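Colleague: Got a structure for you, questions after.
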Amino acid sequence: MDSTMLILLLTSSLSSHSISNQWIDLVINYDASQGYAGSICSLLDKYTGMYAATPGHPFACVRYDDFGPASGSVVCTDTSAVFTTSSMAGPQGTLPISVTIEYTLVDRGVEIVCTLQFLQDVELLKPLEMRFNTQGWTTMTIENQTGLDESFPLDASTWFQRFSGSQMVRLTGGNDTPLLFVFPNVSKGNLWIEDYGQPWIGLLFYDTEHPRENCQGPDLHSLVPAGETVEYFVRISMDEYFSPVFISNHPNGYERTAAWILDELPFIHPEQGYIWGFSETSEGPEPVSAELIQLLEEHATMKMNWLILPDGILTPNRDSVWAEPGWESSWSHWHGTWRISTEATDEYKQWLRNIQDKVYPWADRVRMGSHGYHHTPNADSSYGEFHEFITYEPWEHGERFRMCMSDIDDMGLDTNLVSVVRFPGHRTSLSGLWAVIDHGFGFYCNGWRLIDWFAGKQFRNQWITMYQTPQGRMWGSNTVWWGDFQPDYPCEYLSDVLERGKFALVGCHPRPMLNGGQSPEAYNRIDSVLTSLEQDYDNFGWLFPSEYGDYLEACYSISVRRIRSGGTQLSMEFDGAVPEGMTFCAKLNPLDLVNRVTLDGVPLTWELRSNGRLFAISGQHVDSAHTLKIDFQPMEVSDRSEDCRMSVQNPCGFSSVRIHLSGEPPTGPLEVSLFDVSGRVVFSGMTDFCTGEAELPLLESLPSGFYIVSVQFETGSVSAGTVILR
């Protein structure tokens, strides 16, 4: 330890508490005048002598703009510590948010449980987050239940990036010890990555965002109600044998999912044909709805959400609109010739009710949603490209959705079943967002992000959002593909999202997508895309958008308490209700053998997939404390297993495979072989292990993928798996 580090640690000890075990020394700061109270100011891996956190490099610090936890108290046992403070403090005063952070040392790792309690209503105009400094490592790899999300160098070239739908972050290179973060809950795992100055990972408790494109008003943000209590869990490990356990991004054992939102009912505008036409079968008289039904018939698991525009006012009918007497100043009370509740035929409204009531064989895979009310924001903008909810008008937008739901009720539809919204133009101001939360919506399209760029490249990933008011929570995800026949949007964005193991929200205007319902080329095109999704991607599933929103909400209500990894059992303890189909995952060594998986002692259906990825599907369980257990037989390491173990950097570096032998390994040269997943030997040669470590150079032509490293002794061999990244 150099003298500067010693001085910093001695200084921090005046305002800190420490805990330790055989492998880890951890020091917690409790004095806000000495840095972020409640954060880790020193984290030492005694096995390698590496400091994962040091004074001056905030680690696990809770922050909101210039606010951090006020000075508090720490209660310690030998291997755990609990920091508590009654508020957050900053230059402008205090915030009525109590903060409790519990640290528990487990082997060569730390469990962190952060609990926030809102003592009053708090409007969060900036992100509320927990930050982890990443200085000293050179590579970051983001992973989830399917595999690699993204890997990139930490060289100040990427600046900001945002990741959703991934549960693991690995830091490698530079420092002596790789560091693994596990964020086991998809609903509590939105991350900001900043790679310049003091680089960090930010775990977002509450997010904010500028209104997209031409929308006006304040940043999108949450107003968290008094009494709200939320818990976030992070597991950190420096043990190369640690096997993470977590909740999948998707229900029912899926590794990737997609959902349709179609804009909008009525599908036909007057200049395109008879507006109130419809079909009940794929041979029906109205061609657009007939071909949508045909797609549902030919893709037996596909689901669709059809959005209702109750009173469309656009350029073709803007000269025939009228206002309710006395309501001329409120655009919510202007009406036109496309108003479904008053202008549609009785047969058309009955058709909508029949779909809701599942009268038709295909109707159980169609749900209704909302596309706003008029599509345009006011009478002056009903020409051209303006969209509803781009202005900031809190009262007016609340009234707009009140009218929307009133008209839907007048159609005879159940407003409780209309819980999904795509705002016209894929965008909204804060007042539109809060209005849909106030009216009970649970899921929305949060934007078309093909126009966004991060880290010097087009954003092609999933973007999950959560916003909250005293009336409820709203979950969102981005539309990643638009199916209109002209223009033909690229499928690469959709492919990238699915290959990353994410949720893909897709959409279209049905008539343009199907080219009026009278173009075999247009139909075959969309049929081909759907077939590709269903056949080319392993463990793919269709969801309703509301199903995905419900899954995110169910995950959000779960509080993870502990993750244990070692010996012949992995476990995760958590509180909350488990919905039908919730999927639990673990990443094992590919050579491990799983014996059984249980939840509260009840066996679960499980499957071991490629590269040691375990998936276990649960039935419904009531809100209580739960324990997931995975009993397995660790990989065999030959008859020398009692004397020697081998670990391999995983994922490995870009130029070599780093091998470490522990226990009582022999010194001198040993034969090392590298096998690909088919069992083919791609490298074999003698390697010197006189220090117990060696580096195996990679062949130039060797592709990224999973490989087995084997070291041969006279009396046996040891093996381990690694992922090579190029």
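Letters for chains follow the order of the structure tokens (A, B, ...), residue numbers begin at 1 for each chain, and ligand numbers begin at 1 in the order shown.
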Show which residues sit within 12 Å of range 380-389 of chain A, as a count of residues only. Count only C-alpha atoms, and ignore same-chain residues fewer than 4 positions away.
Modeller: 52
Colleague: Could you pull out the residues in range 573-607 of chain A that DSSP calls strand (DSSP E) from the backbone, as a PyMOL selection string?
Modeller: chain A and resi 573-578+583-587+593-599+602-603+605-607
Colleague: For Glu291 in chain A, list every protein, DNA or RNA residue within 7 Å, evaluated using only C-alpha atoms, and leave out those in the same chain fewer than 4 positions away; present the list as a PyMOL selection string.
Modeller: chain A and resi 282+287+295+517
Colleague: Would you mind exporting the chosen residues as a short mmCIF file (atom, residue, chain, number, x, y, z; two decimals), in the first residue's frame, restricted to N, CA, C and O atoms?
Modeller:
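Output below, filename out05.cif:
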```
data_model
loop_
_atom_site.label_atom_id
_atom_site.label_comp_id
_atom_site.auth_asym_id
_atom_site.auth_seq_id
_atom_site.Cartn_x
_atom_site.Cartn_y
_atom_site.Cartn_z
N SER A 282 -61.10 -14.26 -42.03
CA SER A 282 -60.06 -13.91 -43.00
C SER A 282 -60.60 -13.85 -44.42
O SER A 282 -59.88 -13.40 -45.33
N PRO A 287 -60.80 -5.74 -46.49
CA PRO A 287 -59.55 -6.48 -46.71
C PRO A 287 -58.48 -6.28 -45.63
O PRO A 287 -57.73 -7.22 -45.35
N LEU A 295 -53.31 -13.24 -40.59
CA LEU A 295 -52.01 -13.31 -39.93
C LEU A 295 -52.14 -13.99 -38.57
O LEU A 295 -51.29 -14.81 -38.19
N GLY A 517 -54.57 -4.04 -48.05
CA GLY A 517 -55.16 -5.37 -47.93
C GLY A 517 -55.38 -6.05 -49.26
O GLY A 517 -56.08 -7.07 -49.33
#
```
Colleague: May I ask which of the residues A:Phe683, A:Trp200, A:Phe163, A:Tyr348 is the closest one to Arg131 in chain A, counting only C-alpha atoms?
Modeller: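 Using only C-alpha atoms, the shortest distance to Arg131 in chain A belongs to A:Trp200.
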Colleague: Applying 9 Å and only C-alpha atoms, which residues near range 622-630 of chain A remain after dropping the ones on its own chain fewer than 5 positions away? List them as a list in words.
Modeller: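 Near range 622-630 of chain A, the qualifying residues are Ile558, Thr568, Gln569, Leu570, Ser571, Met572, Glu573, Phe574, Asp575, Gly576, Ala577, Val578, Pro579, Phe584, Ala586, Val594, Asn595, Arg596, Val597, Thr598, Leu599, Asp600 and Gly601 of chain A.
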Colleague: May I have all residues of range 460-707 of chain A that DSSP, computed from the backbone, assigns to alpha helix (DSSP H), given as a ChimeraX atom specification?
Modeller: /A:492-499,510-513,520-536,545-556
Colleague: For each of A:Val497, A:Ile617, A:Leu674, A:Ile724, take the minimum atom-to-atom distance to Gly705 in chain A, counting only C-alpha atoms, then give the residue where this is smallest.
Modeller: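 For Gly705 in chain A, the nearest of the candidates is A:Ile724.
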Colleague: Determine, counting only C-alpha atoms, which protein, DNA and RNA residues have an atom within 7 Å of an atom of Glu123 in chain A; residues of the same chain fewer than 5 positions away are not included. Present the result as a PDB file with C-alpha atoms, in the first residue's frame.
Modeller:
```
ATOM      1  CA  SER A 222     -41.779  10.961 -11.239  1.00  0.00           C
ATOM      2  CA  LEU A 223     -43.746  12.428  -8.350  1.00  0.00           C
ATOM      3  CA  VAL A 224     -43.224   9.750  -5.697  1.00  0.00           C
TER       4      VAL A 224
END
```
Colleague: When distances are computed from only C-alpha atoms, which of A:Gly38, A:Ser717, A:His221, A:Leu203 shows the smallest separation from Ile101 in chain A?
Modeller: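 Ranked by minimum distance to Ile101 in chain A, first place goes to A:Gly38.
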Colleague: Quick one: of A:Thr79, A:Ser87, A:Ser557, A:Ser618, who's nearest to Ala32 in chain A, counting only C-alpha atoms?
Modeller: A:Ser87
Colleague: Restricting the calculation to only C-alpha atoms, which member of A:Leu191, A:Ile308, A:Leu543, A:Leu450 is positioned closest to Arg256 in chain A?
Modeller: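 Counting only C-alpha atoms, the residue closest to Arg256 in chain A is A:Leu543.
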Colleague: When distances are computed from only C-alpha atoms, which of A:Ala379, A:Leu262, A:Met411, A:Cys585 shows the smallest separation from Ala616 in chain A?
Modeller: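 Of A:Ala379, A:Leu262, A:Met411, A:Cys585, the one nearest Ala616 in chain A, counting only C-alpha atoms, is A:Cys585.
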Colleague: So that I can see what lies close to Leu44 in chain A, please list as a ChimeraX atom specification the residues with an atom at most 10 Å from it, counting only C-alpha atoms and leaving out residues fewer than 6 positions away in the same chain.
Modeller: /A:20,23-27,50-54,108
Colleague: Could you work out how far CA of His17 in chain A lies from CA of Phe83 in chain A, giving the answer in Å with one decimal?
Modeller: 9.7 Å
Colleague: Neighbours of Glu129 in chain A within 6 Å (only C-alpha atoms; same-chain residues fewer than 6 positions away dropped), as a VMD selection string?
Modeller: chain A and resid 62 to 63 203 to 205
Colleague: Rounded to one decimal in Å, what is the spacing between CA of Tyr548 in chain A and CA of Asn515 in chain A?
Modeller: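 Distance reported for this atom pair: 29.4 Å.
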Colleague: Just the number, please: distance in Å from CA of Gly147 in chain A to CA of Arg500 in chain A, one decimal.
Modeller: 7.1 Å
